[in-house]
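Report on one structure; see the data block that follows.
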Amino acid sequence: MNEQVLKSKFLGALVGTGVGDSLGAPFEGCREVKLEEIEAIAERQEVLTYTDDTHMMIGVAESLIRNRGFDGEDMAHTFIKNYELEPFRGYGPGPPRIFRLIRAGAAWDEVAQGLYHSGSYGNGSAMRIAPIGVFYHDNPAMLREVAYKSSQITHAHQLGKEGAALQAYAIALVTNLEPGLAFDRGDFLAKLLSYVTDGVYQEKLNRIEALLSQPDGGRVIIELGNGIEAFNSVPTAIYCFLSQPHSFAQAILYAIRLGGDTDTIGAMTGAISGAYLGFESIPSRWKNKLENRLYIKELAKKLSHPTPTMG
Ligand SMILES: [Mg+2]
């Protein structure tokens, strides 16, 4: 793949996260969302403001770039620094508690384990994973290791880590695909299925093909979910991408219309779709209004240069 195409995919994954997050944010928790409403609200806003999803995705990218690979201690402290500067991004209750403990000296890879008995299985580590997905796109083993370790900072439950790895792998797979060539849905799903190790995710991925052949938003919500748990949102984002693989706009709008955790499912759908179709596929009416877009683009460009190492 030529360098320009690959760079566009890095940009697409990161900016796609921000666009999906900010478009979905006004509808978080809604049951059903009307298409016209999504477009109307986006049009009214001068700036598309992102939430914790993109804020933490930025932290992941900053840390990967600084260390030319994963460094857990540094990533944790990058999250903390960013959170302290902008605590208003809509963070859930878990991360700030973890940040305080790490700030007080606790180990970055031990604190989250103690939260909610055996760690959180929320989608908080999958929502921010785009930089890891593109950075390690050609190394699935390293991708899993880094997805798990980056998740361990805040979401230590196996289902949380596995959700992050699945989302990262979906991004990696499409990063490796030429956007102009025919897309093989069955092959893509089969690769995801053989990558995940947990039955909960395997079961959900197995339902996607049938849901795609008879599109019904209600069934998607019932069978795949639209909630804050990683297993109730990562397969959903994968579904949303697959329902409209050749249109970033349609995939995102579909994701937000499902309601529920709209910012995060929007962010994750945007990351996959953007990584597949590239930066150019993201409508200008949205990307030109994304908050901090120049900085996010700068991060994507820097990320597309260095050679991955573990740090
Ligand atoms: Mg959010």
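Numbering starts fresh at 1 for the residues of each chain in the structure tokens, the chains themselves are lettered A, B, ... in the order given, and ligands are numbered from 1 as they appear.
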Taking only C-alpha atoms and all ligand atoms into account, which residues are within 8 Å of ligand 1, as a PyMOL selection string? chain A and resi 21+25+50-54+89-91+263-264
Write out as an NGL selection string the residues lying within 12 Å of Ala168 in chain A, counting only C-alpha atoms and excluding same-chain residues fewer than 3 positions away. :A and (13 or 125-148 or 150-151 or 161-165 or 171-175 or 192 or 195-196 or 234-235 or 237-238 or 268-269 or 271-272 or 275)
Quick one: pull the distance between CA of Leu193 in chain A and CA of Asn206 in chain A, Å, one decimal.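 Spanning CA of Leu193 in chain A to CA of Asn206 in chain A is a straight-line distance of 7.8 Å.
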Taking the DSSP secondary structure from the backbone, can you list the residues of range 34-84 of chain A that are helix (DSSP H, G or I), as a ChimeraX atom specification? /A:35-44,52-67,72-84
Excluding Lys204 in chain A and residues on its chain fewer than 2 positions from it, collect all residues at most 12 Å away from it, counting only C-alpha atoms, and give them as a CSV table (one decimal) with N, CA and C atoms, in the first residue's frame.
```csv
chain,number,residue,atom,x,y,z
A,163,GLY,N,-12.6,-6.7,24.6
A,163,GLY,CA,-13.3,-5.7,23.8
A,163,GLY,C,-12.4,-4.7,23.1
A,166,LEU,N,-10.5,-6.6,20.3
A,166,LEU,CA,-11.3,-6.8,19.2
A,166,LEU,C,-11.5,-5.5,18.4
A,189,LEU,N,-15.3,-11.0,8.9
A,189,LEU,CA,-15.9,-11.6,10.2
A,189,LEU,C,-15.2,-12.8,10.6
A,192,LEU,N,-12.1,-11.8,12.5
A,192,LEU,CA,-12.4,-11.3,13.8
A,192,LEU,C,-12.7,-12.5,14.7
A,193,LEU,N,-13.5,-13.4,14.2
A,193,LEU,CA,-13.9,-14.6,15.0
A,193,LEU,C,-12.7,-15.4,15.5
A,196,VAL,N,-10.7,-13.4,18.4
A,196,VAL,CA,-11.2,-13.3,19.8
A,196,VAL,C,-11.1,-14.6,20.6
A,198,ASP,N,-12.8,-15.0,23.6
A,198,ASP,CA,-13.8,-15.1,24.6
A,198,ASP,C,-15.2,-15.5,23.9
A,199,GLY,N,-15.9,-16.4,24.5
A,199,GLY,CA,-17.1,-16.9,24.0
A,199,GLY,C,-18.2,-15.8,23.9
A,200,VAL,N,-18.2,-14.9,24.8
A,200,VAL,CA,-19.2,-13.8,24.7
A,200,VAL,C,-19.1,-13.0,23.4
A,201,TYR,N,-17.9,-12.7,23.0
A,201,TYR,CA,-17.6,-12.0,21.8
A,201,TYR,C,-17.8,-12.9,20.5
A,202,GLN,N,-17.4,-14.2,20.7
A,202,GLN,CA,-17.7,-15.1,19.5
A,202,GLN,C,-19.1,-15.2,19.2
A,206,ASN,N,-21.0,-14.0,15.8
A,206,ASN,CA,-21.7,-15.0,15.0
A,206,ASN,C,-23.1,-14.6,14.6
A,207,ARG,N,-23.6,-13.6,15.3
A,207,ARG,CA,-25.0,-13.1,14.9
A,207,ARG,C,-25.0,-12.0,13.9
A,208,ILE,N,-23.8,-11.5,13.6
A,208,ILE,CA,-23.7,-10.3,12.7
A,208,ILE,C,-24.2,-10.6,11.3
A,209,GLU,N,-23.7,-11.7,10.8
A,209,GLU,CA,-24.1,-12.0,9.4
A,209,GLU,C,-25.6,-12.1,9.2
A,210,ALA,N,-26.3,-12.8,10.1
A,210,ALA,CA,-27.7,-12.9,9.9
A,210,ALA,C,-28.4,-11.5,10.1
A,211,LEU,N,-27.9,-10.7,11.0
A,211,LEU,CA,-28.5,-9.4,11.2
A,211,LEU,C,-28.3,-8.5,10.0
A,220,VAL,N,-30.8,-5.4,16.2
A,220,VAL,CA,-29.4,-5.1,16.5
A,220,VAL,C,-29.2,-4.8,18.0
A,221,ILE,N,-30.2,-3.9,18.5
A,221,ILE,CA,-30.1,-3.5,19.9
A,221,ILE,C,-30.2,-4.7,20.8
A,222,ILE,N,-31.2,-5.5,20.5
A,222,ILE,CA,-31.5,-6.7,21.4
A,222,ILE,C,-30.4,-7.7,21.3
A,223,GLU,N,-29.9,-8.0,20.1
A,223,GLU,CA,-28.9,-9.1,20.0
A,223,GLU,C,-27.5,-8.6,20.2
A,224,LEU,N,-27.1,-7.4,19.8
A,224,LEU,CA,-25.7,-7.0,20.0
A,224,LEU,C,-25.6,-6.0,21.1
A,225,GLY,N,-26.6,-5.2,21.4
A,225,GLY,CA,-26.6,-4.2,22.5
A,225,GLY,C,-26.2,-2.8,22.0
A,230,ALA,N,-18.4,-3.3,27.2
A,230,ALA,CA,-17.6,-3.5,25.9
A,230,ALA,C,-18.3,-4.5,25.0
A,231,PHE,N,-18.8,-5.6,25.6
A,231,PHE,CA,-19.4,-6.7,24.8
A,231,PHE,C,-20.8,-6.2,24.3
A,232,ASN,N,-21.4,-5.1,24.8
A,232,ASN,CA,-22.6,-4.6,24.3
A,232,ASN,C,-22.4,-3.4,23.4
A,233,SER,N,-21.2,-3.2,22.9
A,233,SER,CA,-21.0,-2.0,22.1
A,233,SER,C,-19.9,-2.2,21.0
A,234,VAL,N,-18.9,-3.0,21.3
A,234,VAL,CA,-17.9,-3.2,20.3
A,234,VAL,C,-18.4,-4.0,19.1
A,235,PRO,N,-19.1,-5.1,19.4
A,235,PRO,CA,-19.7,-5.9,18.2
A,235,PRO,C,-20.7,-5.0,17.5
A,236,THR,N,-21.4,-4.1,18.2
A,236,THR,CA,-22.4,-3.2,17.5
A,236,THR,C,-21.7,-2.3,16.6
A,237,ALA,N,-20.6,-1.7,17.0
A,237,ALA,CA,-19.8,-0.8,16.2
A,237,ALA,C,-19.3,-1.5,14.9
A,238,ILE,N,-18.9,-2.8,15.1
A,238,ILE,CA,-18.4,-3.6,14.0
A,238,ILE,C,-19.6,-3.8,13.0
A,239,TYR,N,-20.8,-4.1,13.6
A,239,TYR,CA,-22.0,-4.2,12.8
A,239,TYR,C,-22.3,-2.9,12.0
```
When distances are computed from only C-alpha atoms, which of A:Leu258, A:Leu177, A:Leu212, A:Cys240 shows the smallest separation from Met1 in chain A? A:Leu177
Step one, run DSSP on the backbone; step two, keep only residues of range 102-309 of chain A assigned to strand (DSSP E or B); then write them as number ranges by chain. A: 122, 229, 290, 309
Output C-alpha atoms of each residue in that selection to a file, as a compact mmCIF listing (two decimals), in the first residue's frame.
```txt
# COMPACT_ATOMS: atom_id res chain seq x y z
CA GLY A 122 -16.97 -1.05 30.24
CA GLU A 229 -20.32 -2.65 28.43
CA LEU A 290 -14.27 19.04 14.76
CA THR A 309 8.49 -1.08 19.30
```
Residues near Ile80 in chain A, cut-off 9 Å, only C-alpha atoms, skip fewer than 2 positions along chain, as an MDAnalysis selection string: chainID A and resid 75:78 82:85 95:96 99:100 102:103
Hey, can you spit out that residue selection with N, CA and C atoms as a PDB file, in the first residue's frame?
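Listed below is the output, out-v9.pdb:
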```
ATOM      1  N   MET A  75       1.596   6.179  29.635  1.00  0.00           N
ATOM      2  CA  MET A  75       0.225   6.343  29.136  1.00  0.00           C
ATOM      3  C   MET A  75      -0.719   6.697  30.276  1.00  0.00           C
ATOM      4  N   ALA A  76      -0.544   6.027  31.417  1.00  0.00           N
ATOM      5  CA  ALA A  76      -1.383   6.327  32.582  1.00  0.00           C
ATOM      6  C   ALA A  76      -1.228   7.778  32.997  1.00  0.00           C
ATOM      7  N   HIS A  77       0.015   8.235  33.046  1.00  0.00           N
ATOM      8  CA  HIS A  77       0.237   9.620  33.481  1.00  0.00           C
ATOM      9  C   HIS A  77      -0.194  10.638  32.419  1.00  0.00           C
ATOM     10  N   THR A  78      -0.195  10.230  31.173  1.00  0.00           N
ATOM     11  CA  THR A  78      -0.730  11.109  30.113  1.00  0.00           C
ATOM     12  C   THR A  78      -2.245  11.256  30.292  1.00  0.00           C
ATOM     13  N   ASN A  82      -4.041  14.857  31.136  1.00  0.00           N
ATOM     14  CA  ASN A  82      -5.115  15.361  30.262  1.00  0.00           C
ATOM     15  C   ASN A  82      -6.419  15.529  31.040  1.00  0.00           C
ATOM     16  N   TYR A  83      -6.706  14.547  31.896  1.00  0.00           N
ATOM     17  CA  TYR A  83      -7.934  14.624  32.704  1.00  0.00           C
ATOM     18  C   TYR A  83      -7.901  15.851  33.616  1.00  0.00           C
ATOM     19  N   GLU A  84      -6.767  16.093  34.239  1.00  0.00           N
ATOM     20  CA  GLU A  84      -6.682  17.224  35.165  1.00  0.00           C
ATOM     21  C   GLU A  84      -6.831  18.567  34.440  1.00  0.00           C
ATOM     22  N   LEU A  85      -6.387  18.611  33.197  1.00  0.00           N
ATOM     23  CA  LEU A  85      -6.534  19.847  32.418  1.00  0.00           C
ATOM     24  C   LEU A  85      -7.979  20.052  31.949  1.00  0.00           C
ATOM     25  N   PRO A  95     -12.568   6.083  35.916  1.00  0.00           N
ATOM     26  CA  PRO A  95     -11.234   6.616  35.610  1.00  0.00           C
ATOM     27  C   PRO A  95     -10.716   7.665  36.607  1.00  0.00           C
ATOM     28  N   PRO A  96     -11.522   8.669  37.006  1.00  0.00           N
ATOM     29  CA  PRO A  96     -10.976   9.635  37.964  1.00  0.00           C
ATOM     30  C   PRO A  96     -10.525   9.006  39.284  1.00  0.00           C
ATOM     31  N   PHE A  99      -7.251   7.391  38.517  1.00  0.00           N
ATOM     32  CA  PHE A  99      -6.222   8.417  38.326  1.00  0.00           C
ATOM     33  C   PHE A  99      -5.702   8.935  39.675  1.00  0.00           C
ATOM     34  N   ARG A 100      -6.628   9.154  40.606  1.00  0.00           N
ATOM     35  CA  ARG A 100      -6.205   9.653  41.926  1.00  0.00           C
ATOM     36  C   ARG A 100      -5.259   8.666  42.604  1.00  0.00           C
ATOM     37  N   ILE A 102      -3.342   6.319  41.181  1.00  0.00           N
ATOM     38  CA  ILE A 102      -2.038   6.246  40.490  1.00  0.00           C
ATOM     39  C   ILE A 102      -1.211   7.491  40.820  1.00  0.00           C
ATOM     40  N   ARG A 103      -1.900   8.630  40.878  1.00  0.00           N
ATOM     41  CA  ARG A 103      -1.244   9.898  41.228  1.00  0.00           C
ATOM     42  C   ARG A 103      -0.609   9.806  42.607  1.00  0.00           C
TER      43      ARG A 103
END
```
Length of the CA of Asn2 in chain A to CA of Gly69 in chain A vector [Å]: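 The value is 22.5 Å.
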Do you have the CA of Glu298 in chain A-CA of Leu11 in chain A distance handy? 8.7 Å
Would you pick out the contacts of range 31-46 of chain A at 10 Å or less, using only C-alpha atoms, so that residues sharing its chain but fewer than 5 positions from it are not included, and give the list as a PDB file with C-alpha atoms, in the first residue's frame?
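Final file, result-v4.pdb:
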```
ATOM      1  CA  SER A  22     -18.929  14.468  18.831  1.00  0.00           C
ATOM      2  CA  LEU A  23     -21.879  13.706  16.550  1.00  0.00           C
ATOM      3  CA  GLY A  24     -23.144  11.056  18.946  1.00  0.00           C
ATOM      4  CA  PRO A  26     -25.854  15.040  22.125  1.00  0.00           C
ATOM      5  CA  GLY A 217     -32.349  -1.729  14.225  1.00  0.00           C
ATOM      6  CA  GLY A 218     -34.469  -3.180  16.999  1.00  0.00           C
ATOM      7  CA  ASN A 226     -26.055  -0.466  22.596  1.00  0.00           C
ATOM      8  CA  LEU A 253     -25.557   7.921  11.244  1.00  0.00           C
ATOM      9  CA  TYR A 254     -26.670   4.307  11.561  1.00  0.00           C
ATOM     10  CA  ALA A 255     -24.677   3.913  14.778  1.00  0.00           C
ATOM     11  CA  ILE A 256     -26.103   7.033  16.400  1.00  0.00           C
ATOM     12  CA  ARG A 257     -29.656   6.183  15.388  1.00  0.00           C
ATOM     13  CA  LEU A 258     -29.458   3.057  17.536  1.00  0.00           C
ATOM     14  CA  GLY A 259     -29.400   5.276  20.625  1.00  0.00           C
ATOM     15  CA  GLY A 260     -27.823   4.195  23.926  1.00  0.00           C
ATOM     16  CA  ASP A 261     -24.104   4.875  24.261  1.00  0.00           C
ATOM     17  CA  THR A 262     -24.139   6.956  21.083  1.00  0.00           C
ATOM     18  CA  ARG A 285     -19.286  19.478   6.884  1.00  0.00           C
ATOM     19  CA  TRP A 286     -18.301  17.429   9.930  1.00  0.00           C
ATOM     20  CA  ASN A 288     -14.001  20.870   9.347  1.00  0.00           C
ATOM     21  CA  LYS A 289     -15.940  21.613  12.527  1.00  0.00           C
ATOM     22  CA  LEU A 290     -14.273  19.042  14.765  1.00  0.00           C
ATOM     23  CA  GLU A 291     -12.739  20.587  17.859  1.00  0.00           C
TER      24      GLU A 291
END
```
